[in-house]
Each structure stands twice: as C-alpha cells, then as structure tokens.
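Undergrad: Contents are mmCIF, C-alpha atoms; file name data_29.cif:
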```cif
data_coords
loop_
_atom_site.group_PDB
_atom_site.id
_atom_site.type_symbol
_atom_site.label_atom_id
_atom_site.label_comp_id
_atom_site.auth_asym_id
_atom_site.auth_seq_id
_atom_site.Cartn_x
_atom_site.Cartn_y
_atom_site.Cartn_z
ATOM 1 C CA MET A 11 -12.115 -11.798 -15.657
ATOM 2 C CA ALA A 12 -12.059 -15.546 -15.410
ATOM 3 C CA ASP A 13 -9.081 -17.775 -16.121
ATOM 4 C CA THR A 14 -10.373 -17.988 -19.668
ATOM 5 C CA ILE A 15 -12.175 -15.373 -21.742
ATOM 6 C CA SER A 16 -15.506 -16.830 -22.819
ATOM 7 C CA GLY A 17 -13.923 -20.272 -22.591
ATOM 8 C CA ARG A 18 -11.708 -19.511 -25.580
ATOM 9 C CA LEU A 19 -8.493 -17.837 -24.490
ATOM 10 C CA PRO A 20 -6.514 -19.350 -21.592
ATOM 11 C CA LEU A 21 -4.964 -17.074 -18.988
ATOM 12 C CA VAL A 22 -1.163 -17.369 -19.029
ATOM 13 C CA ALA A 23 -0.190 -14.615 -16.572
ATOM 14 C CA ARG A 24 -1.855 -12.328 -14.058
ATOM 15 C CA GLY A 25 0.008 -9.299 -12.804
ATOM 16 C CA LYS A 26 -0.982 -6.661 -10.306
ATOM 17 C CA VAL A 27 -2.916 -4.815 -13.024
ATOM 18 C CA ARG A 28 -2.704 -6.754 -16.301
ATOM 19 C CA ASP A 29 -4.003 -10.147 -17.349
ATOM 20 C CA VAL A 30 -2.378 -11.891 -20.307
ATOM 21 C CA TYR A 31 -4.174 -14.486 -22.427
ATOM 22 C CA ALA A 32 -2.783 -16.826 -25.075
ATOM 23 C CA LEU A 33 -3.630 -16.388 -28.726
ATOM 24 C CA ASP A 34 -2.342 -18.712 -31.444
ATOM 25 C CA GLY A 35 1.191 -17.337 -31.527
ATOM 26 C CA ASP A 36 0.694 -14.012 -29.833
ATOM 27 C CA LEU A 37 -0.806 -12.662 -26.629
ATOM 28 C CA LEU A 38 -3.836 -10.641 -25.576
ATOM 29 C CA MET A 39 -2.851 -8.136 -22.880
ATOM 30 C CA VAL A 40 -5.726 -6.729 -20.842
ATOM 31 C CA ALA A 41 -5.421 -3.823 -18.397
ATOM 32 C CA SER A 42 -7.872 -4.191 -15.521
ATOM 33 C CA ASP A 43 -9.079 -1.441 -13.197
ATOM 34 C CA ARG A 44 -7.077 -2.905 -10.325
ATOM 35 C CA VAL A 45 -4.638 -0.584 -8.608
ATOM 36 C CA SER A 46 -1.564 -1.426 -6.565
ATOM 37 C CA ALA A 47 0.616 0.630 -4.286
ATOM 38 C CA PHE A 48 3.746 -0.392 -2.416
ATOM 39 C CA ASP A 49 3.465 -3.706 -4.330
ATOM 40 C CA VAL A 50 0.068 -4.498 -2.781
ATOM 41 C CA VAL A 51 -3.109 -4.785 -4.882
ATOM 42 C CA MET A 52 -5.878 -2.761 -3.289
ATOM 43 C CA PRO A 53 -9.356 -4.279 -2.834
ATOM 44 C CA THR A 54 -10.928 -1.198 -4.470
ATOM 45 C CA VAL A 55 -10.713 -0.562 -8.208
ATOM 46 C CA ILE A 56 -10.322 2.767 -10.007
ATOM 47 C CA PRO A 57 -13.088 2.917 -12.640
ATOM 48 C CA ASP A 58 -11.834 3.193 -16.250
ATOM 49 C CA LYS A 59 -8.206 2.969 -15.126
ATOM 50 C CA GLY A 60 -7.416 0.082 -17.473
ATOM 51 C CA ARG A 61 -8.717 1.988 -20.485
ATOM 52 C CA VAL A 62 -6.712 5.096 -19.576
ATOM 53 C CA LEU A 63 -3.531 3.039 -19.139
ATOM 54 C CA THR A 64 -3.989 1.210 -22.419
ATOM 55 C CA GLN A 65 -4.834 4.294 -24.471
ATOM 56 C CA LEU A 66 -1.927 6.279 -23.019
ATOM 57 C CA SER A 67 0.464 3.369 -23.620
ATOM 58 C CA LEU A 68 -0.691 3.144 -27.234
ATOM 59 C CA PHE A 69 -0.122 6.876 -27.690
ATOM 60 C CA TRP A 70 3.441 6.617 -26.392
ATOM 61 C CA PHE A 71 4.232 3.351 -28.195
ATOM 62 C CA ASP A 72 3.317 5.028 -31.468
ATOM 63 C CA ARG A 73 5.075 8.315 -30.721
ATOM 64 C CA LEU A 74 8.324 6.652 -29.637
ATOM 65 C CA SER A 75 8.460 3.898 -32.258
ATOM 66 C CA SER A 76 11.238 5.681 -34.139
ATOM 67 C CA ILE A 77 13.493 5.186 -31.085
ATOM 68 C CA VAL A 78 12.721 1.536 -30.388
ATOM 69 C CA PRO A 79 10.162 -0.953 -31.768
ATOM 70 C CA ASN A 80 7.450 -2.270 -29.471
ATOM 71 C CA HIS A 81 5.348 -5.382 -29.084
ATOM 72 C CA VAL A 82 1.954 -3.975 -30.183
ATOM 73 C CA LEU A 83 0.278 -5.678 -33.131
ATOM 74 C CA SER A 84 -3.334 -4.531 -32.967
ATOM 75 C CA THR A 85 -6.210 -3.368 -30.797
ATOM 76 C CA ASP A 86 -8.816 -5.060 -33.014
ATOM 77 C CA ILE A 87 -10.432 -7.836 -30.998
ATOM 78 C CA GLY A 88 -13.285 -8.350 -33.440
ATOM 79 C CA GLY A 89 -11.827 -11.565 -34.808
ATOM 80 C CA LEU A 90 -11.435 -13.342 -31.469
ATOM 81 C CA GLY A 91 -14.971 -14.754 -31.416
ATOM 82 C CA LEU A 92 -15.863 -13.262 -28.037
ATOM 83 C CA ASP A 93 -19.389 -12.793 -26.752
ATOM 84 C CA ALA A 94 -20.795 -9.264 -26.819
ATOM 85 C CA GLY A 95 -20.479 -8.649 -23.072
ATOM 86 C CA THR A 96 -16.825 -9.721 -22.949
ATOM 87 C CA ALA A 97 -15.973 -7.736 -26.069
ATOM 88 C CA ALA A 98 -17.605 -4.617 -24.600
ATOM 89 C CA TRP A 99 -15.620 -4.949 -21.374
ATOM 90 C CA LEU A 100 -12.358 -5.448 -23.293
ATOM 91 C CA GLU A 101 -12.927 -2.498 -25.629
ATOM 92 C CA GLY A 102 -10.238 0.128 -25.083
ATOM 93 C CA ARG A 103 -8.304 -1.906 -22.525
ATOM 94 C CA ALA A 104 -6.904 -4.737 -24.664
ATOM 95 C CA MET A 105 -3.894 -5.015 -26.967
ATOM 96 C CA ILE A 106 -2.801 -7.914 -29.134
ATOM 97 C CA VAL A 107 0.959 -8.086 -28.715
ATOM 98 C CA ARG A 108 3.879 -10.199 -29.844
ATOM 99 C CA ARG A 109 5.481 -12.632 -27.451
ATOM 100 C CA ALA A 110 8.814 -11.467 -26.077
ATOM 101 C CA GLU A 111 11.569 -12.771 -23.858
ATOM 102 C CA VAL A 112 11.208 -10.125 -21.164
ATOM 103 C CA LEU A 113 14.499 -8.898 -19.706
ATOM 104 C CA PRO A 114 14.821 -9.355 -15.916
ATOM 105 C CA VAL A 115 15.432 -5.659 -15.173
ATOM 106 C CA GLU A 116 13.148 -2.704 -14.497
ATOM 107 C CA CYS A 117 14.660 0.170 -16.478
ATOM 108 C CA VAL A 118 14.018 3.393 -14.563
ATOM 109 C CA ALA A 119 14.909 6.886 -15.745
ATOM 110 C CA ARG A 120 14.909 9.788 -13.292
ATOM 111 C CA GLY A 121 15.073 13.448 -14.136
ATOM 112 C CA TYR A 122 14.028 14.734 -10.712
ATOM 113 C CA LEU A 123 14.870 13.736 -7.153
ATOM 114 C CA ILE A 124 11.778 12.197 -5.597
ATOM 115 C CA GLY A 125 10.511 8.956 -4.049
ATOM 116 C CA SER A 126 13.038 6.223 -3.314
ATOM 117 C CA GLY A 127 15.707 8.218 -5.165
ATOM 118 C CA TRP A 128 15.304 11.068 -2.685
ATOM 119 C CA ARG A 129 15.463 8.674 0.257
ATOM 120 C CA ASP A 130 18.678 7.095 -1.058
ATOM 121 C CA TYR A 131 20.225 10.481 -1.762
ATOM 122 C CA ARG A 132 19.543 11.737 1.760
ATOM 123 C CA GLU A 133 21.179 8.647 3.236
ATOM 124 C CA THR A 134 24.171 8.235 0.911
ATOM 125 C CA GLY A 135 24.393 11.118 -1.541
ATOM 126 C CA ARG A 136 23.909 8.535 -4.300
ATOM 127 C CA VAL A 137 21.096 6.939 -6.282
ATOM 128 C CA SER A 138 21.693 3.420 -7.609
ATOM 129 C CA GLY A 139 25.375 3.912 -6.917
ATOM 130 C CA LEU A 140 25.554 7.162 -8.897
ATOM 131 C CA ALA A 141 27.044 10.092 -6.975
ATOM 132 C CA LEU A 142 24.954 13.271 -7.202
ATOM 133 C CA PRO A 143 25.889 16.873 -6.376
ATOM 134 C CA ALA A 144 25.606 17.904 -2.730
ATOM 135 C CA GLY A 145 22.802 20.159 -1.561
ATOM 136 C CA LEU A 146 19.993 18.917 -3.798
ATOM 137 C CA ARG A 147 16.461 19.396 -2.492
ATOM 138 C CA LEU A 148 13.349 17.256 -2.664
ATOM 139 C CA ALA A 149 11.932 17.352 -6.225
ATOM 140 C CA ASP A 150 15.012 19.139 -7.583
ATOM 141 C CA ARG A 151 15.726 18.682 -11.262
ATOM 142 C CA LEU A 152 18.860 16.621 -11.761
ATOM 143 C CA PRO A 153 21.744 17.986 -13.856
ATOM 144 C CA GLU A 154 21.120 15.150 -16.327
ATOM 145 C CA PRO A 155 18.606 12.272 -16.380
ATOM 146 C CA ILE A 156 20.005 9.133 -14.751
ATOM 147 C CA PHE A 157 19.459 5.409 -15.243
ATOM 148 C CA THR A 158 18.475 3.757 -11.943
ATOM 149 C CA PRO A 159 17.526 0.128 -12.622
ATOM 150 C CA SER A 160 15.863 -2.259 -10.221
ATOM 151 C CA THR A 161 15.119 -5.942 -9.917
ATOM 152 C CA LYS A 162 11.861 -7.472 -11.114
ATOM 153 C CA ALA A 163 10.545 -8.834 -7.842
ATOM 154 C CA ALA A 164 8.210 -11.780 -7.525
ATOM 155 C CA GLU A 165 4.590 -11.045 -6.630
ATOM 156 C CA GLY A 166 4.291 -9.884 -3.029
ATOM 157 C CA CYS A 167 7.936 -8.789 -2.897
ATOM 158 C CA HIS A 168 9.462 -5.372 -3.462
ATOM 159 C CA ASP A 169 11.672 -4.342 -6.359
ATOM 160 C CA GLU A 170 15.176 -3.488 -5.198
ATOM 161 C CA ALA A 171 17.447 -0.850 -6.673
ATOM 162 C CA ILE A 172 20.568 -2.211 -8.345
ATOM 163 C CA GLY A 173 23.595 -0.633 -9.963
ATOM 164 C CA PHE A 174 24.634 -0.724 -13.589
ATOM 165 C CA ARG A 175 27.221 -3.404 -12.847
ATOM 166 C CA ASP A 176 24.370 -5.651 -11.712
ATOM 167 C CA VAL A 177 22.592 -5.029 -15.011
ATOM 168 C CA VAL A 178 25.773 -6.028 -16.847
ATOM 169 C CA ASP A 179 25.899 -9.234 -14.796
ATOM 170 C CA LEU A 180 22.279 -9.994 -15.719
ATOM 171 C CA LEU A 181 22.291 -9.024 -19.386
ATOM 172 C CA GLY A 182 25.899 -8.798 -20.531
ATOM 173 C CA ARG A 183 27.717 -5.565 -21.304
ATOM 174 C CA GLU A 184 26.405 -4.925 -24.802
ATOM 175 C CA ARG A 185 22.738 -5.457 -23.918
ATOM 176 C CA ALA A 186 23.106 -3.479 -20.673
ATOM 177 C CA ASP A 187 24.564 -0.519 -22.576
ATOM 178 C CA GLU A 188 21.741 -0.754 -25.091
ATOM 179 C CA VAL A 189 18.863 -0.712 -22.593
ATOM 180 C CA ARG A 190 20.479 2.089 -20.581
ATOM 181 C CA SER A 191 20.829 4.203 -23.710
ATOM 182 C CA LEU A 192 17.283 3.423 -24.849
ATOM 183 C CA THR A 193 15.847 4.197 -21.415
ATOM 184 C CA LEU A 194 17.432 7.646 -21.340
ATOM 185 C CA ASP A 195 16.590 8.397 -24.988
ATOM 186 C CA LEU A 196 12.941 7.476 -24.405
ATOM 187 C CA TYR A 197 12.801 9.538 -21.223
ATOM 188 C CA ARG A 198 14.262 12.615 -22.904
ATOM 189 C CA ALA A 199 11.871 12.386 -25.867
ATOM 190 C CA ALA A 200 8.841 11.887 -23.614
ATOM 191 C CA SER A 201 9.953 14.690 -21.298
ATOM 192 C CA ARG A 202 10.142 17.148 -24.186
ATOM 193 C CA HIS A 203 6.623 16.287 -25.309
ATOM 194 C CA ALA A 204 5.257 16.445 -21.767
ATOM 195 C CA ALA A 205 6.892 19.831 -21.204
ATOM 196 C CA ASP A 206 5.190 21.149 -24.342
ATOM 197 C CA ARG A 207 1.915 20.088 -22.694
ATOM 198 C CA GLY A 208 2.683 21.788 -19.385
ATOM 199 C CA ILE A 209 3.627 18.573 -17.571
ATOM 200 C CA ILE A 210 6.865 17.492 -15.917
ATOM 201 C CA LEU A 211 7.818 13.834 -16.339
ATOM 202 C CA ALA A 212 9.740 13.329 -13.104
ATOM 203 C CA ASP A 213 10.605 9.674 -13.638
ATOM 204 C CA THR A 214 9.342 6.585 -15.392
ATOM 205 C CA LYS A 215 9.907 2.854 -15.731
ATOM 206 C CA PHE A 216 10.301 0.854 -18.948
ATOM 207 C CA GLU A 217 10.331 -2.864 -19.621
ATOM 208 C CA PHE A 218 12.170 -4.349 -22.556
ATOM 209 C CA GLY A 219 12.040 -7.758 -24.187
ATOM 210 C CA ILE A 220 13.715 -9.596 -27.022
ATOM 211 C CA ILE A 221 11.655 -10.144 -30.175
ATOM 212 C CA ASP A 222 13.354 -11.795 -33.167
ATOM 213 C CA GLY A 223 16.732 -11.179 -31.558
ATOM 214 C CA SER A 224 16.276 -7.428 -31.047
ATOM 215 C CA VAL A 225 15.265 -5.258 -28.098
ATOM 216 C CA ALA A 226 11.649 -4.067 -28.078
ATOM 217 C CA LEU A 227 9.589 -2.002 -25.650
ATOM 218 C CA VAL A 228 6.958 -4.170 -23.933
ATOM 219 C CA ASP A 229 4.249 -4.121 -21.253
ATOM 220 C CA GLU A 230 3.063 -0.547 -20.596
ATOM 221 C CA CYS A 231 4.644 2.739 -21.625
ATOM 222 C CA LEU A 232 4.748 6.026 -19.706
ATOM 223 C CA THR A 233 1.422 5.536 -17.942
ATOM 224 C CA SER A 234 0.377 7.170 -14.686
ATOM 225 C CA ASP A 235 1.066 3.803 -13.038
ATOM 226 C CA SER A 236 4.681 3.655 -14.194
ATOM 227 C CA SER A 237 5.528 7.373 -14.193
ATOM 228 C CA ARG A 238 5.390 10.481 -12.056
ATOM 229 C CA TYR A 239 3.624 13.352 -13.811
ATOM 230 C CA TRP A 240 3.527 16.824 -12.260
ATOM 231 C CA PRO A 241 1.662 19.881 -13.557
ATOM 232 C CA ALA A 242 4.554 22.200 -14.389
ATOM 233 C CA GLY A 243 2.894 25.215 -12.799
ATOM 234 C CA THR A 244 2.792 23.544 -9.369
ATOM 235 C CA TRP A 245 6.437 22.408 -9.227
ATOM 236 C CA THR A 246 8.557 24.040 -6.545
ATOM 237 C CA PRO A 247 11.882 22.434 -5.517
ATOM 238 C CA GLY A 248 11.913 21.572 -1.838
ATOM 239 C CA ALA A 249 8.340 20.265 -1.754
ATOM 240 C CA SER A 250 6.561 17.251 -3.183
ATOM 241 C CA PRO A 251 4.443 18.572 -6.091
ATOM 242 C CA PRO A 252 0.817 17.597 -6.731
ATOM 243 C CA SER A 253 0.676 14.594 -9.050
ATOM 244 C CA LEU A 254 -1.375 13.270 -11.946
ATOM 245 C CA ASP A 255 -0.461 9.666 -11.188
ATOM 246 C CA LYS A 256 -0.563 6.938 -8.557
ATOM 247 C CA GLN A 257 1.082 9.249 -6.019
ATOM 248 C CA ILE A 258 -2.421 10.511 -5.207
ATOM 249 C CA LEU A 259 -3.188 7.069 -3.774
ATOM 250 C CA ARG A 260 0.237 6.661 -2.153
ATOM 251 C CA ASP A 261 -0.154 9.990 -0.354
ATOM 252 C CA TRP A 262 -3.461 8.858 1.142
ATOM 253 C CA LEU A 263 -2.004 5.508 2.168
ATOM 254 C CA ASP A 264 0.850 7.322 3.912
ATOM 255 C CA THR A 265 -1.707 8.939 6.237
ATOM 256 C CA LEU A 266 -2.793 5.531 7.572
ATOM 257 C CA SER A 267 -1.172 4.590 10.865
ATOM 258 C CA ASP A 268 -2.780 1.128 11.006
ATOM 259 C CA TRP A 269 -1.572 -0.285 7.665
ATOM 260 C CA ASP A 270 1.930 -1.754 7.422
ATOM 261 C CA ARG A 271 2.179 -1.911 3.616
ATOM 262 C CA THR A 272 1.441 -5.625 3.490
ATOM 263 C CA ALA A 273 -1.554 -7.433 1.987
ATOM 264 C CA PRO A 274 -4.428 -7.057 2.275
ATOM 265 C CA GLY A 275 -4.596 -3.406 1.388
ATOM 266 C CA PRO A 276 -7.250 -1.106 2.820
ATOM 267 C CA GLU A 277 -10.464 -0.181 1.051
ATOM 268 C CA ILE A 278 -9.995 3.141 -0.729
ATOM 269 C CA PRO A 279 -12.614 5.789 0.138
ATOM 270 C CA GLU A 280 -14.635 7.220 -2.737
ATOM 271 C CA PRO A 281 -13.080 10.727 -2.630
ATOM 272 C CA VAL A 282 -9.602 9.203 -3.069
ATOM 273 C CA VAL A 283 -10.885 6.971 -5.879
ATOM 274 C CA ALA A 284 -12.385 9.994 -7.613
ATOM 275 C CA ARG A 285 -9.219 12.104 -7.253
ATOM 276 C CA THR A 286 -7.038 9.269 -8.529
ATOM 277 C CA ARG A 287 -9.292 8.669 -11.527
ATOM 278 C CA ALA A 288 -9.411 12.379 -12.309
ATOM 279 C CA GLY A 289 -5.614 12.645 -12.149
ATOM 280 C CA TYR A 290 -5.145 9.736 -14.553
ATOM 281 C CA ILE A 291 -7.645 11.212 -17.009
ATOM 282 C CA GLU A 292 -6.145 14.716 -16.808
ATOM 283 C CA ALA A 293 -2.681 13.326 -17.574
ATOM 284 C CA PHE A 294 -4.069 11.390 -20.533
ATOM 285 C CA GLU A 295 -5.946 14.334 -21.974
ATOM 286 C CA ARG A 296 -3.116 16.822 -21.579
ATOM 287 C CA LEU A 297 -0.473 14.485 -22.971
ATOM 288 C CA THR A 298 -2.489 13.190 -25.924
ATOM 289 C CA GLY A 299 -4.418 16.364 -26.712
ATOM 290 C CA ARG A 300 -7.682 14.450 -26.978
ATOM 291 C CA PRO A 301 -10.590 13.769 -24.595
ATOM 292 C CA PHE A 302 -10.896 10.492 -22.761
ATOM 293 C CA ILE A 303 -14.120 8.765 -23.812
#
```
Is it possible to give me this structure as structure tokens?
TA:
Amino acid sequence: MADTISGRLPLVARGKVRDVYALDGDLLMVASDRVSAFDVVMPTVIPDKGRVLTQLSLFWFDRLSSIVPNHVLSTDIGGLGLDAGTAAWLEGRAMIVRRAEVLPVECVARGYLIGSGWRDYRETGRVSGLALPAGLRLADRLPEPIFTPSTKAAEGCHDEAIGFRDVVDLLGRERADEVRSLTLDLYRAASRHAADRGIILADTKFEFGIIDGSVALVDECLTSDSSRYWPAGTWTPGASPPSLDKQILRDWLDTLSDWDRTAPGPEIPEPVVARTRAGYIEAFERLTGRPFI
C-alpha cells in the first residue's frame, strides 16, 4: 500500500508485516502478506497471510478479553470513505484500534524447549537467566511455563533476550510483575484451548501497551507469526516437531548455505510458499473451529 490509503489516511508506521495509518484519534492497523524470518523481510509474499493473522488475532483477543483488555475497537472500515478497490484489499486484514503507549519489552512465554531457548539451555543450562532442570531434550515440555522477555530491536536488528531484572529496570517493579503475570496467564489459557483442538502451543510473544493508564494487549495475538504451533500427534521430545507456523519458512532458510541472514532475503520457491500458507490456514481453522474464507 502507498504511504496514504486513497489519499485519506496517512501512514504513521510500517513494520515488517503491519502498516499503521492515522485515524482521527485512533489507528488503522493493516496486516500485509509480507513475511519475515530472522528479522529480514522476504521479497516473496505469502498469499492471504495478512487475513489469516488478523482473523486469528481477533479470535484470541475476544477469547482472552476476560484476562486483559485489548486495543481493538472495530473491523468495520465502511465509514472510512475508501474507494472500492482499497476497501476490498483491506477486508479481513484491517482493525481499527486505540492508540497505546507500547511498552519497550517483548513478553515471551515458553512452555517447551525449542528455538533460541534450546540454544541457550545447551550452552548455559538457563533461559533468560532462569535455571532449568538438567537433562532436558529438544522440544521437551518444561515443568512450568516460563517468562523469557526480550528487547524490542530497531528495524534490521535482532531482539535480544533479557532477564526479569532488566524488565524491572525498564518498566518498574509493579509494571514488570504485572506483564509477567499476564503473559503467563494468557499463555496458560491459550495452551488449554489449543490442546483441546489437538495443537501444542510451544511458545508465543505478546506486546502490551498503556491505554488510559492501564495495561492492554496490543499488536497481534497468538498468530502463527508470533507463536509456535505443533500438531499434538507429531510431538516427540528429542526432535523438532512439524509446525503450523513460520518455522516452515525458517526450516527452508536453514538449508541455504549462501544466505547469511541479512537483507535482502532470498526469493521463496512456490512449494515453500504453499506449505507455509497451508500451515497458517490449518492452525487458524483448527484453533477457531471455522473455515478460512
């Protein structure tokens, strides 16, 4: 999309996936079909990805609203005065949201030992400074979910794991305790629902902001971009399970010997695009219990 939508709404922020436009006092958040991996935006899009992300976020925002409020106001873009082509493209991928003072911490919950958590554990026996039992295997379920925050890196840089003391330094003790508690409560609630649908939620990332002085859940929520979803029937500790998330793309990228994880990213071949899209849609349909249209 351009830096304005139909010359009406100015672009105020462009992330790796989402574009944010200014409304009178609120914001229009639009999920594109762009895909990033290892903090690099790929030149190839995943068709319908933005709609899947938005619809799954809306499902989770609604389901988890009893735990913490969120920034969603509406998905009705009919009153924005957009031309028919723009409105059609935005349908299903746009949310009108409240403005928030976004907290400078990525709030990660882990219930299984995978990804960067596994790498840290092998090197130190710890994840984000938290000591874990000896002898854990790749993809093992942890005794209890853990809070493993990270920095919010600038575009082109990598998030870095931090400890809870760093979160206290950034937010103050009371707010740090609050977001840690909310992160783990949200993870546990989502994990129970996913398990009922035959899916393991291995880990996920939340973003919080301050709206009217209180903490609210913002950005996306439990999507296949921000979470690891495994079909429960394929999980075996000691091996990396098949995924219904961005790991499909990461696994392909890991086979490339001539890409050093810096921009520009490589073009994604059609079979990998198709598998990634299918994984996102399967996660959506199994978690929500409704078809993706």
Undergrad: Atom CA of Asp130 of chain A and atom CA of Arg147 of chain A, how far apart in Å?
TA: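 Value for the atom CA of Arg147 of chain A-atom CA of Asp130 of chain A distance: 12.6 Å.
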Undergrad: Hey, what comes out of the PyMOL selection byres ((chain A and resi 81) around 12) on this file? Could you write it as a PyMOL selection string?
TA: chain A and resi 36-39+67-68+71-72+75+78-80+82-85+105-112+217-222+224-231
Undergrad: Could you list, as an MDAnalysis selection string, every residue matched by the PyMOL selection byres ((chain A and resi 88) around 12) in this structure?
TA: chainID A and resid 84:87 89:94 96:98 100:101 104:106
Undergrad: Take the residues from that selection and write them out as a CSV table (one decimal), in the coordinates of the input, keeping C-alpha atoms.
TA:
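This went into result_32.csv:
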```
chain,number,residue,atom,x,y,z
A,84,SER,CA,-3.3,-4.5,-33.0
A,85,THR,CA,-6.2,-3.4,-30.8
A,86,ASP,CA,-8.8,-5.1,-33.0
A,87,ILE,CA,-10.4,-7.8,-31.0
A,89,GLY,CA,-11.8,-11.6,-34.8
A,90,LEU,CA,-11.4,-13.3,-31.5
A,91,GLY,CA,-15.0,-14.8,-31.4
A,92,LEU,CA,-15.9,-13.3,-28.0
A,93,ASP,CA,-19.4,-12.8,-26.8
A,94,ALA,CA,-20.8,-9.3,-26.8
A,96,THR,CA,-16.8,-9.7,-22.9
A,97,ALA,CA,-16.0,-7.7,-26.1
A,98,ALA,CA,-17.6,-4.6,-24.6
A,100,LEU,CA,-12.4,-5.4,-23.3
A,101,GLU,CA,-12.9,-2.5,-25.6
A,104,ALA,CA,-6.9,-4.7,-24.7
A,105,MET,CA,-3.9,-5.0,-27.0
A,106,ILE,CA,-2.8,-7.9,-29.1
```
Undergrad: Between atom CA of Leu152 of chain A and atom CA of Arg207 of chain A, measure the distance and give it in Å to one decimal.
TA: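 Atom-to-atom, atom CA of Leu152 of chain A and atom CA of Arg207 of chain A are spaced 20.5 Å apart.
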Undergrad: Give me the result of the PyMOL selection byres ((chain A and resi 160) around 7) on this file, residue by residue, as a PyMOL selection string.
TA: chain A and resi 115-117+158-159+161-162+169-172
Undergrad: Could you check how far atom CA of Asp43 of chain A sits from atom CA of Val55 of chain A, in Å to one decimal?
TA: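 We find that atom CA of Asp43 of chain A and atom CA of Val55 of chain A lie 5.3 Å from each other.
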Undergrad: Tell me, as an NGL selection string, which residues lie within 8 Å of Arg296 of chain A, counting only C-alpha atoms; anything in the same chain fewer than 3 positions away does not count.
TA: :A and (207-208 or 292-293 or 299-300)
Undergrad: So, with all atoms listed in the file as the atoms that count, which of A:Asp150, A:Arg120, A:Gly275, A:Leu63 lies closest to Arg190 of chain A?
TA: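 Smallest distance to Arg190 of chain A is found for A:Arg120.
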Undergrad: Select segment 149-165 of chain A in the preceding structure and write N, CA, C and O atoms to a file as a PDB file, in the first residue's frame.
TA:
```
ATOM      1  N   ALA A 149      12.656 -29.790  22.438  1.00  0.00           N
ATOM      2  CA  ALA A 149      11.188 -29.845  22.384  1.00  0.00           C
ATOM      3  C   ALA A 149      10.556 -30.463  23.621  1.00  0.00           C
ATOM      4  O   ALA A 149       9.360 -30.765  23.617  1.00  0.00           O
ATOM      5  N   ASP A 150      11.332 -30.659  24.695  1.00  0.00           N
ATOM      6  CA  ASP A 150      10.750 -31.138  25.942  1.00  0.00           C
ATOM      7  C   ASP A 150       9.762 -30.117  26.502  1.00  0.00           C
ATOM      8  O   ASP A 150       9.967 -28.901  26.374  1.00  0.00           O
ATOM      9  N   ARG A 151       8.726 -30.635  27.144  1.00  0.00           N
ATOM     10  CA  ARG A 151       7.824 -29.748  27.881  1.00  0.00           C
ATOM     11  C   ARG A 151       8.507 -29.329  29.174  1.00  0.00           C
ATOM     12  O   ARG A 151       9.110 -30.155  29.869  1.00  0.00           O
ATOM     13  N   LEU A 152       8.427 -28.044  29.483  1.00  0.00           N
ATOM     14  CA  LEU A 152       9.031 -27.533  30.702  1.00  0.00           C
ATOM     15  C   LEU A 152       8.155 -27.858  31.911  1.00  0.00           C
ATOM     16  O   LEU A 152       6.931 -28.009  31.772  1.00  0.00           O
ATOM     17  N   PRO A 153       8.755 -27.960  33.097  1.00  0.00           N
ATOM     18  CA  PRO A 153       7.951 -28.239  34.294  1.00  0.00           C
ATOM     19  C   PRO A 153       6.826 -27.233  34.491  1.00  0.00           C
ATOM     20  O   PRO A 153       5.713 -27.590  34.891  1.00  0.00           O
ATOM     21  N   GLU A 154       7.107 -25.966  34.212  1.00  0.00           N
ATOM     22  CA  GLU A 154       6.125 -24.891  34.264  1.00  0.00           C
ATOM     23  C   GLU A 154       6.451 -23.897  33.150  1.00  0.00           C
ATOM     24  O   GLU A 154       7.623 -23.730  32.793  1.00  0.00           O
ATOM     25  N   PRO A 155       5.453 -23.218  32.583  1.00  0.00           N
ATOM     26  CA  PRO A 155       5.755 -22.171  31.607  1.00  0.00           C
ATOM     27  C   PRO A 155       6.649 -21.094  32.232  1.00  0.00           C
ATOM     28  O   PRO A 155       6.535 -20.800  33.425  1.00  0.00           O
ATOM     29  N   ILE A 156       7.525 -20.520  31.426  1.00  0.00           N
ATOM     30  CA  ILE A 156       8.447 -19.503  31.920  1.00  0.00           C
ATOM     31  C   ILE A 156       8.317 -18.221  31.109  1.00  0.00           C
ATOM     32  O   ILE A 156       7.926 -18.232  29.936  1.00  0.00           O
ATOM     33  N   PHE A 157       8.642 -17.120  31.742  1.00  0.00           N
ATOM     34  CA  PHE A 157       8.622 -15.793  31.135  1.00  0.00           C
ATOM     35  C   PHE A 157      10.036 -15.462  30.685  1.00  0.00           C
ATOM     36  O   PHE A 157      10.951 -15.385  31.505  1.00  0.00           O
ATOM     37  N   THR A 158      10.229 -15.288  29.370  1.00  0.00           N
ATOM     38  CA  THR A 158      11.572 -15.056  28.825  1.00  0.00           C
ATOM     39  C   THR A 158      11.540 -13.814  27.934  1.00  0.00           C
ATOM     40  O   THR A 158      11.461 -13.922  26.716  1.00  0.00           O
ATOM     41  N   PRO A 159      11.572 -12.638  28.524  1.00  0.00           N
ATOM     42  CA  PRO A 159      11.405 -11.404  27.747  1.00  0.00           C
ATOM     43  C   PRO A 159      12.592 -11.116  26.847  1.00  0.00           C
ATOM     44  O   PRO A 159      13.673 -11.691  26.987  1.00  0.00           O
ATOM     45  N   SER A 160      12.366 -10.196  25.919  1.00  0.00           N
ATOM     46  CA  SER A 160      13.454  -9.750  25.045  1.00  0.00           C
ATOM     47  C   SER A 160      13.277  -8.271  24.750  1.00  0.00           C
ATOM     48  O   SER A 160      12.225  -7.685  25.022  1.00  0.00           O
ATOM     49  N   THR A 161      14.317  -7.683  24.196  1.00  0.00           N
ATOM     50  CA  THR A 161      14.258  -6.286  23.793  1.00  0.00           C
ATOM     51  C   THR A 161      13.394  -6.142  22.552  1.00  0.00           C
ATOM     52  O   THR A 161      13.143  -7.109  21.826  1.00  0.00           O
ATOM     53  N   LYS A 162      12.943  -4.930  22.285  1.00  0.00           N
ATOM     54  CA  LYS A 162      12.279  -4.604  21.029  1.00  0.00           C
ATOM     55  C   LYS A 162      13.302  -3.912  20.149  1.00  0.00           C
ATOM     56  O   LYS A 162      13.550  -2.712  20.281  1.00  0.00           O
ATOM     57  N   ALA A 163      13.907  -4.679  19.256  1.00  0.00           N
ATOM     58  CA  ALA A 163      15.013  -4.151  18.458  1.00  0.00           C
ATOM     59  C   ALA A 163      14.508  -3.236  17.354  1.00  0.00           C
ATOM     60  O   ALA A 163      13.381  -3.372  16.862  1.00  0.00           O
ATOM     61  N   ALA A 164      15.355  -2.299  16.963  1.00  0.00           N
ATOM     62  CA  ALA A 164      15.058  -1.451  15.823  1.00  0.00           C
ATOM     63  C   ALA A 164      15.052  -2.285  14.549  1.00  0.00           C
ATOM     64  O   ALA A 164      15.621  -3.379  14.493  1.00  0.00           O
ATOM     65  N   GLU A 165      14.397  -1.759  13.497  1.00  0.00           N
ATOM     66  CA  GLU A 165      14.315  -2.497  12.245  1.00  0.00           C
ATOM     67  C   GLU A 165      15.714  -2.828  11.730  1.00  0.00           C
ATOM     68  O   GLU A 165      16.618  -1.987  11.721  1.00  0.00           O
TER      69      GLU A 165
END
```
